[in-house]
Amino acid sequence: MPIPMVDLPKIHAPYQGALDEAVLSVVHGGGYIGGPVVEAFEKQAASFLDAPIIGVGNGTDALQIALMSLGIQPGDEVIVPAFTYAASAEVIALLGAVAVWCDVNESTFTIDPNSVKDVLSDKTAAIIAVHLYGQCADIESLEKIAVGIPIVEDTAQAFGAKFIKGKYSGRFAGTVGAFGTFSFFPTKNLGALGDGGAISSTNADFLVKAKSIASHGQRKKYEHHLLGLNSRLDPIQAAALAVKLKFLPEALSAKTLISEQYLAAFQPLKQVVVPETASFSNHTYHQFTLTIPSEKRDRFVEYMREKGISTMVYYPIPLHKQKAYAHFEPRTSLAISEKLSRSVISIPVHEALAPNDILAIKDAITKYFS
Ligand SMILES: Cc1ncc(COP(=O)(O)O)c(C=O)c1O
């Protein structure tokens, strides 16, 4: 059996009984939409993050609802990194707004505030800052550069990441911008047993609006004030998430320890660039992503496959080169996004990796690049 990127049954094993019990109690209870199980999870997550949070259907909906709550209109410009998962930009296009690409920092992979400066305009209506791979993007610098422009923190990959320096020191990713959006896709830091997502906001009125938009624009049943959609966190998922949230600190610590071993092993390798953590953030290592010479990547992937080790390329094509988004023409250099899409490679880093798996991964990579 190859070492997978993520092994959910193995991750769940230590608390599988509690997970089964929580899910079955919803199945037997008969409350399948909303209700106390969802409310209890929202409360638990809000207490963990020290920020208000509402559950929604998934992380993509969360982004769309955040933009709708900000009143993004057709023709408005929304700045988004070219190097991220498509969902971050997809929601802009779905609203008829204009995705304006910016570049990312080569060492941390997150949004580059200087690149944002290049593309700011009087039509800029929001910025989507993605906390990519599990560490915080530089929200404080973005705020200084784009004064008064609402920032949506796409926290799909960074539930549990924290700012450790500056204005937001001690605060969690996703809790400092106009909106923070979260995904509970099963492989995320906090993953459900299916789809799930959440939204936080520093503005209580925004969150009320978001909650209404997520529920067909209703504030009261059958009174539709706003154009909305149907995006609900499922109680079965909420029950599972409530169990998994209790184990999150442990899981994040385990991933950090594995990553520290990787960093020590790979730092000396000349052809390998290890991921850097920004000074103002911790890293939850949703992904452990190396940068290697682009001409060697295909062969390296093949070599790892032969060794029984999975790898993944997140993301092989920057968004401005995707057919679906080709009509959003770049307005600044996206050279780093292009370079990274050719040279990044992510390796397994989940909390249930056995010590001999970690050893095998370290050995294989060290041998290949020595
Ligand atoms: C950066 C980013 N944004 C948004 C999403 C969308 O989340 P979901 O799959 O829950 O819709 C993802 C999911 O992979 C993501 O990685």
# chains A, B, ... in the order shown; residues from 1 in each chain; ligands from 1

call {"tool": "closest_atom_pairs", "arguments": {"of": "region 286-365 of chain A", "to": "region 155-177 of chain A", "cutoff": "12 Å", "atoms": "only C-alpha atoms", "output": "JSON lines"}}
result
{"residue": "A:His286", "atom": "CA", "partner": "A:Gln157", "partner_atom": "CA", "distance": 6.0}
{"residue": "A:Gln287", "atom": "CA", "partner": "A:Gln157", "partner_atom": "CA", "distance": 8.4}
{"residue": "A:Phe288", "atom": "CA", "partner": "A:Gln157", "partner_atom": "CA", "distance": 11.9}
{"residue": "A:Tyr314", "atom": "CA", "partner": "A:Gln157", "partner_atom": "CA", "distance": 11.9}

call {"tool": "residues_near_ligand", "arguments": {"ligand": "ligand 1", "cutoff": "8 Å", "atoms": "only C-alpha atoms and all ligand atoms", "output": "PDB file with all heavy atoms, in the first residue's frame"}}
result
ATOM      1  N   GLY A  57     -22.744  25.364   3.632  1.00  0.00           N
ATOM      2  CA  GLY A  57     -22.621  24.090   2.921  1.00  0.00           C
ATOM      3  C   GLY A  57     -21.204  23.653   2.597  1.00  0.00           C
ATOM      4  O   GLY A  57     -20.889  22.464   2.605  1.00  0.00           O
ATOM      5  N   ASN A  58     -20.350  24.591   2.278  1.00  0.00           N
ATOM      6  CA  ASN A  58     -18.967  24.266   1.907  1.00  0.00           C
ATOM      7  C   ASN A  58     -18.151  25.555   1.820  1.00  0.00           C
ATOM      8  O   ASN A  58     -18.713  26.658   1.945  1.00  0.00           O
ATOM      9  CB  ASN A  58     -18.919  23.496   0.566  1.00  0.00           C
ATOM     10  CG  ASN A  58     -19.610  24.268  -0.539  1.00  0.00           C
ATOM     11  OD1 ASN A  58     -19.174  25.345  -0.932  1.00  0.00           O
ATOM     12  ND2 ASN A  58     -20.733  23.747  -1.032  1.00  0.00           N
ATOM     13  N   GLY A  59     -16.870  25.411   1.570  1.00  0.00           N
ATOM     14  CA  GLY A  59     -15.989  26.581   1.559  1.00  0.00           C
ATOM     15  C   GLY A  59     -16.198  27.487   0.357  1.00  0.00           C
ATOM     16  O   GLY A  59     -15.935  28.693   0.431  1.00  0.00           O
ATOM     17  N   THR A  60     -16.656  26.919  -0.739  1.00  0.00           N
ATOM     18  CA  THR A  60     -16.917  27.737  -1.932  1.00  0.00           C
ATOM     19  C   THR A  60     -18.143  28.610  -1.699  1.00  0.00           C
ATOM     20  O   THR A  60     -18.125  29.814  -1.980  1.00  0.00           O
ATOM     21  CB  THR A  60     -17.141  26.824  -3.169  1.00  0.00           C
ATOM     22  OG1 THR A  60     -16.069  25.887  -3.234  1.00  0.00           O
ATOM     23  CG2 THR A  60     -17.188  27.637  -4.443  1.00  0.00           C
ATOM     24  N   ASP A  61     -19.200  28.017  -1.164  1.00  0.00           N
ATOM     25  CA  ASP A  61     -20.389  28.802  -0.806  1.00  0.00           C
ATOM     26  C   ASP A  61     -20.003  29.910   0.174  1.00  0.00           C
ATOM     27  O   ASP A  61     -20.501  31.040   0.079  1.00  0.00           O
ATOM     28  CB  ASP A  61     -21.440  27.928  -0.113  1.00  0.00           C
ATOM     29  CG  ASP A  61     -22.234  27.062  -1.084  1.00  0.00           C
ATOM     30  OD1 ASP A  61     -21.977  27.133  -2.295  1.00  0.00           O
ATOM     31  OD2 ASP A  61     -23.105  26.311  -0.602  1.00  0.00           O
ATOM     32  N   ALA A  62     -19.155  29.553   1.133  1.00  0.00           N
ATOM     33  CA  ALA A  62     -18.760  30.537   2.149  1.00  0.00           C
ATOM     34  C   ALA A  62     -18.166  31.773   1.470  1.00  0.00           C
ATOM     35  O   ALA A  62     -18.504  32.910   1.817  1.00  0.00           O
ATOM     36  CB  ALA A  62     -17.759  29.908   3.117  1.00  0.00           C
ATOM     37  N   LEU A  63     -17.302  31.538   0.479  1.00  0.00           N
ATOM     38  CA  LEU A  63     -16.693  32.661  -0.256  1.00  0.00           C
ATOM     39  C   LEU A  63     -17.756  33.456  -1.016  1.00  0.00           C
ATOM     40  O   LEU A  63     -17.764  34.690  -1.003  1.00  0.00           O
ATOM     41  CB  LEU A  63     -15.662  32.131  -1.256  1.00  0.00           C
ATOM     42  CG  LEU A  63     -14.299  31.706  -0.694  1.00  0.00           C
ATOM     43  CD1 LEU A  63     -13.545  30.877  -1.728  1.00  0.00           C
ATOM     44  CD2 LEU A  63     -13.477  32.929  -0.298  1.00  0.00           C
ATOM     45  N   THR A  84      -3.717  29.725  -6.402  1.00  0.00           N
ATOM     46  CA  THR A  84      -4.612  29.232  -5.347  1.00  0.00           C
ATOM     47  C   THR A  84      -5.556  28.224  -5.985  1.00  0.00           C
ATOM     48  O   THR A  84      -5.500  27.980  -7.205  1.00  0.00           O
ATOM     49  CB  THR A  84      -5.419  30.384  -4.700  1.00  0.00           C
ATOM     50  OG1 THR A  84      -6.353  29.833  -3.739  1.00  0.00           O
ATOM     51  CG2 THR A  84      -6.233  31.180  -5.700  1.00  0.00           C
ATOM     52  N   TYR A  85      -6.428  27.641  -5.171  1.00  0.00           N
ATOM     53  CA  TYR A  85      -7.451  26.753  -5.712  1.00  0.00           C
ATOM     54  C   TYR A  85      -8.500  27.589  -6.444  1.00  0.00           C
ATOM     55  O   TYR A  85      -8.795  28.718  -6.040  1.00  0.00           O
ATOM     56  CB  TYR A  85      -8.085  25.946  -4.576  1.00  0.00           C
ATOM     57  CG  TYR A  85      -9.093  24.947  -5.063  1.00  0.00           C
ATOM     58  CD1 TYR A  85      -8.736  23.980  -5.998  1.00  0.00           C
ATOM     59  CD2 TYR A  85     -10.403  24.978  -4.618  1.00  0.00           C
ATOM     60  CE1 TYR A  85      -9.671  23.077  -6.470  1.00  0.00           C
ATOM     61  CE2 TYR A  85     -11.342  24.067  -5.079  1.00  0.00           C
ATOM     62  CZ  TYR A  85     -10.959  23.121  -6.011  1.00  0.00           C
ATOM     63  OH  TYR A  85     -11.887  22.233  -6.478  1.00  0.00           O
ATOM     64  N   ALA A  86      -9.073  27.018  -7.477  1.00  0.00           N
ATOM     65  CA  ALA A  86      -9.982  27.760  -8.356  1.00  0.00           C
ATOM     66  C   ALA A  86     -11.164  28.397  -7.630  1.00  0.00           C
ATOM     67  O   ALA A  86     -11.648  29.462  -8.030  1.00  0.00           O
ATOM     68  CB  ALA A  86     -10.495  26.836  -9.455  1.00  0.00           C
ATOM     69  N   ALA A  87     -11.619  27.756  -6.547  1.00  0.00           N
ATOM     70  CA  ALA A  87     -12.804  28.273  -5.844  1.00  0.00           C
ATOM     71  C   ALA A  87     -12.635  29.731  -5.443  1.00  0.00           C
ATOM     72  O   ALA A  87     -13.601  30.505  -5.453  1.00  0.00           O
ATOM     73  CB  ALA A  87     -13.090  27.424  -4.610  1.00  0.00           C
ATOM     74  N   SER A  88     -11.399  30.121  -5.093  1.00  0.00           N
ATOM     75  CA  SER A  88     -11.161  31.500  -4.635  1.00  0.00           C
ATOM     76  C   SER A  88     -11.553  32.512  -5.701  1.00  0.00           C
ATOM     77  O   SER A  88     -11.977  33.623  -5.389  1.00  0.00           O
ATOM     78  CB  SER A  88      -9.686  31.707  -4.270  1.00  0.00           C
ATOM     79  OG  SER A  88      -9.176  30.666  -3.497  1.00  0.00           O
ATOM     80  N   VAL A 130      -5.778  34.464   0.511  1.00  0.00           N
ATOM     81  CA  VAL A 130      -5.857  33.023   0.773  1.00  0.00           C
ATOM     82  C   VAL A 130      -4.745  32.629   1.752  1.00  0.00           C
ATOM     83  O   VAL A 130      -3.574  32.913   1.504  1.00  0.00           O
ATOM     84  CB  VAL A 130      -5.719  32.221  -0.540  1.00  0.00           C
ATOM     85  CG1 VAL A 130      -5.922  30.731  -0.268  1.00  0.00           C
ATOM     86  CG2 VAL A 130      -6.690  32.731  -1.593  1.00  0.00           C
ATOM     87  N   HIS A 131      -5.133  31.987   2.836  1.00  0.00           N
ATOM     88  CA  HIS A 131      -4.134  31.486   3.803  1.00  0.00           C
ATOM     89  C   HIS A 131      -3.655  30.127   3.265  1.00  0.00           C
ATOM     90  O   HIS A 131      -4.015  29.067   3.799  1.00  0.00           O
ATOM     91  CB  HIS A 131      -4.759  31.352   5.192  1.00  0.00           C
ATOM     92  CG  HIS A 131      -5.265  32.648   5.759  1.00  0.00           C
ATOM     93  ND1 HIS A 131      -4.474  33.763   5.903  1.00  0.00           N
ATOM     94  CD2 HIS A 131      -6.488  33.015   6.236  1.00  0.00           C
ATOM     95  CE1 HIS A 131      -5.176  34.750   6.458  1.00  0.00           C
ATOM     96  NE2 HIS A 131      -6.403  34.318   6.647  1.00  0.00           N
ATOM     97  N   LEU A 132      -2.862  30.192   2.213  1.00  0.00           N
ATOM     98  CA  LEU A 132      -2.550  28.974   1.457  1.00  0.00           C
ATOM     99  C   LEU A 132      -1.647  28.004   2.222  1.00  0.00           C
ATOM    100  O   LEU A 132      -0.699  28.418   2.885  1.00  0.00           O
ATOM    101  CB  LEU A 132      -1.887  29.364   0.118  1.00  0.00           C
ATOM    102  CG  LEU A 132      -1.936  28.285  -0.950  1.00  0.00           C
ATOM    103  CD1 LEU A 132      -3.330  28.146  -1.538  1.00  0.00           C
ATOM    104  CD2 LEU A 132      -0.921  28.551  -2.056  1.00  0.00           C
ATOM    105  N   ASP A 154      -9.716  33.769   2.823  1.00  0.00           N
ATOM    106  CA  ASP A 154     -10.052  32.397   2.417  1.00  0.00           C
ATOM    107  C   ASP A 154      -9.221  31.458   3.304  1.00  0.00           C
ATOM    108  O   ASP A 154      -8.036  31.230   3.049  1.00  0.00           O
ATOM    109  CB  ASP A 154      -9.750  32.199   0.926  1.00  0.00           C
ATOM    110  CG  ASP A 154     -10.106  30.796   0.456  1.00  0.00           C
ATOM    111  OD1 ASP A 154     -10.315  29.911   1.306  1.00  0.00           O
ATOM    112  OD2 ASP A 154     -10.150  30.577  -0.776  1.00  0.00           O
ATOM    113  N   THR A 155      -9.886  30.938   4.334  1.00  0.00           N
ATOM    114  CA  THR A 155      -9.193  30.149   5.359  1.00  0.00           C
ATOM    115  C   THR A 155      -9.457  28.660   5.170  1.00  0.00           C
ATOM    116  O   THR A 155      -9.311  27.864   6.109  1.00  0.00           O
ATOM    117  CB  THR A 155      -9.645  30.649   6.768  1.00  0.00           C
ATOM    118  OG1 THR A 155      -9.737  32.082   6.743  1.00  0.00           O
ATOM    119  CG2 THR A 155      -8.657  30.282   7.849  1.00  0.00           C
ATOM    120  N   ALA A 156      -9.850  28.287   3.954  1.00  0.00           N
ATOM    121  CA  ALA A 156     -10.163  26.882   3.670  1.00  0.00           C
ATOM    122  C   ALA A 156      -9.029  25.956   4.108  1.00  0.00           C
ATOM    123  O   ALA A 156      -9.277  24.854   4.589  1.00  0.00           O
ATOM    124  CB  ALA A 156     -10.440  26.706   2.176  1.00  0.00           C
ATOM    125  N   GLN A 157      -7.788  26.419   3.935  1.00  0.00           N
ATOM    126  CA  GLN A 157      -6.643  25.539   4.202  1.00  0.00           C
ATOM    127  C   GLN A 157      -5.978  25.828   5.545  1.00  0.00           C
ATOM    128  O   GLN A 157      -4.921  25.268   5.820  1.00  0.00           O
ATOM    129  CB  GLN A 157      -5.613  25.695   3.070  1.00  0.00           C
ATOM    130  CG  GLN A 157      -6.176  25.357   1.709  1.00  0.00           C
ATOM    131  CD  GLN A 157      -5.126  25.258   0.627  1.00  0.00           C
ATOM    132  OE1 GLN A 157      -3.931  25.328   0.881  1.00  0.00           O
ATOM    133  NE2 GLN A 157      -5.578  25.079  -0.612  1.00  0.00           N
ATOM    134  N   PHE A 182     -14.305  29.331   5.701  1.00  0.00           N
ATOM    135  CA  PHE A 182     -13.662  28.058   6.055  1.00  0.00           C
ATOM    136  C   PHE A 182     -14.271  26.917   5.245  1.00  0.00           C
ATOM    137  O   PHE A 182     -15.458  26.959   4.904  1.00  0.00           O
ATOM    138  CB  PHE A 182     -13.881  27.755   7.541  1.00  0.00           C
ATOM    139  CG  PHE A 182     -13.342  28.812   8.466  1.00  0.00           C
ATOM    140  CD1 PHE A 182     -14.127  29.914   8.806  1.00  0.00           C
ATOM    141  CD2 PHE A 182     -12.062  28.722   8.978  1.00  0.00           C
ATOM    142  CE1 PHE A 182     -13.631  30.898   9.659  1.00  0.00           C
ATOM    143  CE2 PHE A 182     -11.562  29.709   9.828  1.00  0.00           C
ATOM    144  CZ  PHE A 182     -12.347  30.797  10.165  1.00  0.00           C
ATOM    145  N   SER A 183     -13.442  25.920   4.961  1.00  0.00           N
ATOM    146  CA  SER A 183     -13.925  24.700   4.319  1.00  0.00           C
ATOM    147  C   SER A 183     -13.688  23.537   5.264  1.00  0.00           C
ATOM    148  O   SER A 183     -12.616  23.435   5.873  1.00  0.00           O
ATOM    149  CB  SER A 183     -13.145  24.447   3.023  1.00  0.00           C
ATOM    150  OG  SER A 183     -13.337  23.105   2.595  1.00  0.00           O
ATOM    151  N   PHE A 184     -14.685  22.662   5.361  1.00  0.00           N
ATOM    152  CA  PHE A 184     -14.508  21.429   6.136  1.00  0.00           C
ATOM    153  C   PHE A 184     -14.450  20.221   5.208  1.00  0.00           C
ATOM    154  O   PHE A 184     -14.837  19.110   5.589  1.00  0.00           O
ATOM    155  CB  PHE A 184     -15.640  21.281   7.168  1.00  0.00           C
ATOM    156  CG  PHE A 184     -15.745  22.438   8.124  1.00  0.00           C
ATOM    157  CD1 PHE A 184     -16.957  23.069   8.351  1.00  0.00           C
ATOM    158  CD2 PHE A 184     -14.619  22.906   8.803  1.00  0.00           C
ATOM    159  CE1 PHE A 184     -17.062  24.139   9.240  1.00  0.00           C
ATOM    160  CE2 PHE A 184     -14.710  23.987   9.688  1.00  0.00           C
ATOM    161  CZ  PHE A 184     -15.930  24.601   9.909  1.00  0.00           C
ATOM    162  N   PHE A 185     -14.000  20.436   3.979  1.00  0.00           N
ATOM    163  CA  PHE A 185     -13.722  19.323   3.055  1.00  0.00           C
ATOM    164  C   PHE A 185     -12.905  18.287   3.850  1.00  0.00           C
ATOM    165  O   PHE A 185     -12.045  18.668   4.658  1.00  0.00           O
ATOM    166  CB  PHE A 185     -12.937  19.865   1.849  1.00  0.00           C
ATOM    167  CG  PHE A 185     -12.700  18.867   0.769  1.00  0.00           C
ATOM    168  CD1 PHE A 185     -13.657  18.623  -0.199  1.00  0.00           C
ATOM    169  CD2 PHE A 185     -11.504  18.144   0.725  1.00  0.00           C
ATOM    170  CE1 PHE A 185     -13.431  17.680  -1.198  1.00  0.00           C
ATOM    171  CE2 PHE A 185     -11.285  17.202  -0.265  1.00  0.00           C
ATOM    172  CZ  PHE A 185     -12.243  16.974  -1.234  1.00  0.00           C
ATOM    173  N   LYS A 188      -9.208  18.684   4.907  1.00  0.00           N
ATOM    174  CA  LYS A 188      -8.715  19.951   5.457  1.00  0.00           C
ATOM    175  C   LYS A 188      -8.273  19.775   6.918  1.00  0.00           C
ATOM    176  O   LYS A 188      -8.551  18.742   7.533  1.00  0.00           O
ATOM    177  CB  LYS A 188      -9.822  21.011   5.373  1.00  0.00           C
ATOM    178  CG  LYS A 188     -10.229  21.345   3.937  1.00  0.00           C
ATOM    179  CD  LYS A 188      -9.117  22.053   3.193  1.00  0.00           C
ATOM    180  CE  LYS A 188      -9.593  22.773   1.963  1.00  0.00           C
ATOM    181  NZ  LYS A 188      -9.338  22.065   0.700  1.00  0.00           N
ATOM    182  N   ASP A 195     -19.027  17.332   2.688  1.00  0.00           N
ATOM    183  CA  ASP A 195     -18.816  18.767   2.538  1.00  0.00           C
ATOM    184  C   ASP A 195     -19.286  19.542   3.760  1.00  0.00           C
ATOM    185  O   ASP A 195     -20.222  19.135   4.453  1.00  0.00           O
ATOM    186  CB  ASP A 195     -19.575  19.279   1.303  1.00  0.00           C
ATOM    187  CG  ASP A 195     -18.802  19.027   0.018  1.00  0.00           C
ATOM    188  OD1 ASP A 195     -17.600  19.344  -0.004  1.00  0.00           O
ATOM    189  OD2 ASP A 195     -19.391  18.510  -0.952  1.00  0.00           O
ATOM    190  N   GLY A 196     -18.663  20.674   3.969  1.00  0.00           N
ATOM    191  CA  GLY A 196     -19.073  21.581   5.042  1.00  0.00           C
ATOM    192  C   GLY A 196     -18.256  22.844   4.944  1.00  0.00           C
ATOM    193  O   GLY A 196     -17.189  22.867   4.310  1.00  0.00           O
ATOM    194  N   GLY A 197     -18.763  23.902   5.542  1.00  0.00           N
ATOM    195  CA  GLY A 197     -18.019  25.158   5.517  1.00  0.00           C
ATOM    196  C   GLY A 197     -18.544  26.094   6.584  1.00  0.00           C
ATOM    197  O   GLY A 197     -19.526  25.776   7.282  1.00  0.00           O
TER     198      GLY A 197
END

call {"tool": "residues_around", "arguments": {"residues": "region 90-97 of chain A", "least_positions_apart": "6", "cutoff": "6 Å", "atoms": "only C-alpha atoms", "output": "list in words"}}
result
Gln64, Pro74, Gly75, Asp76 and Glu77 of chain A

call {"tool": "closest_atom_pairs", "arguments": {"of": "region 167-243 of chain A", "to": "region 68-71 of chain A", "cutoff": "10 Å", "atoms": "only C-alpha atoms", "output": "CSV"}}
result
residue,atom,partner,partner_atom,distance
A:Ala178,CA,A:Leu70,CA,8.6
A:Phe179,CA,A:Leu70,CA,9.0
A:Asp205,CA,A:Ser69,CA,9.6
A:Phe206,CA,A:Ser69,CA,6.4
A:Leu207,CA,A:Ser69,CA,8.2
A:Val208,CA,A:Ser69,CA,9.2
A:Lys209,CA,A:Ser69,CA,6.0
A:Ala210,CA,A:Ser69,CA,5.5
A:Lys211,CA,A:Ser69,CA,9.2
A:Ser212,CA,A:Ser69,CA,9.3
A:Ile213,CA,A:Ser69,CA,7.4
A:Ala214,CA,A:Ser69,CA,9.8
A:Leu226,CA,A:Ser69,CA,9.7
A:Leu227,CA,A:Met68,CA,8.9
A:Gly228,CA,A:Met68,CA,8.4

call {"tool": "atom_distance", "arguments": {"atom1": "CA of Ala99 (chain A)", "atom2": "CA of Ile72 (chain A)"}}
result
11.7 Å
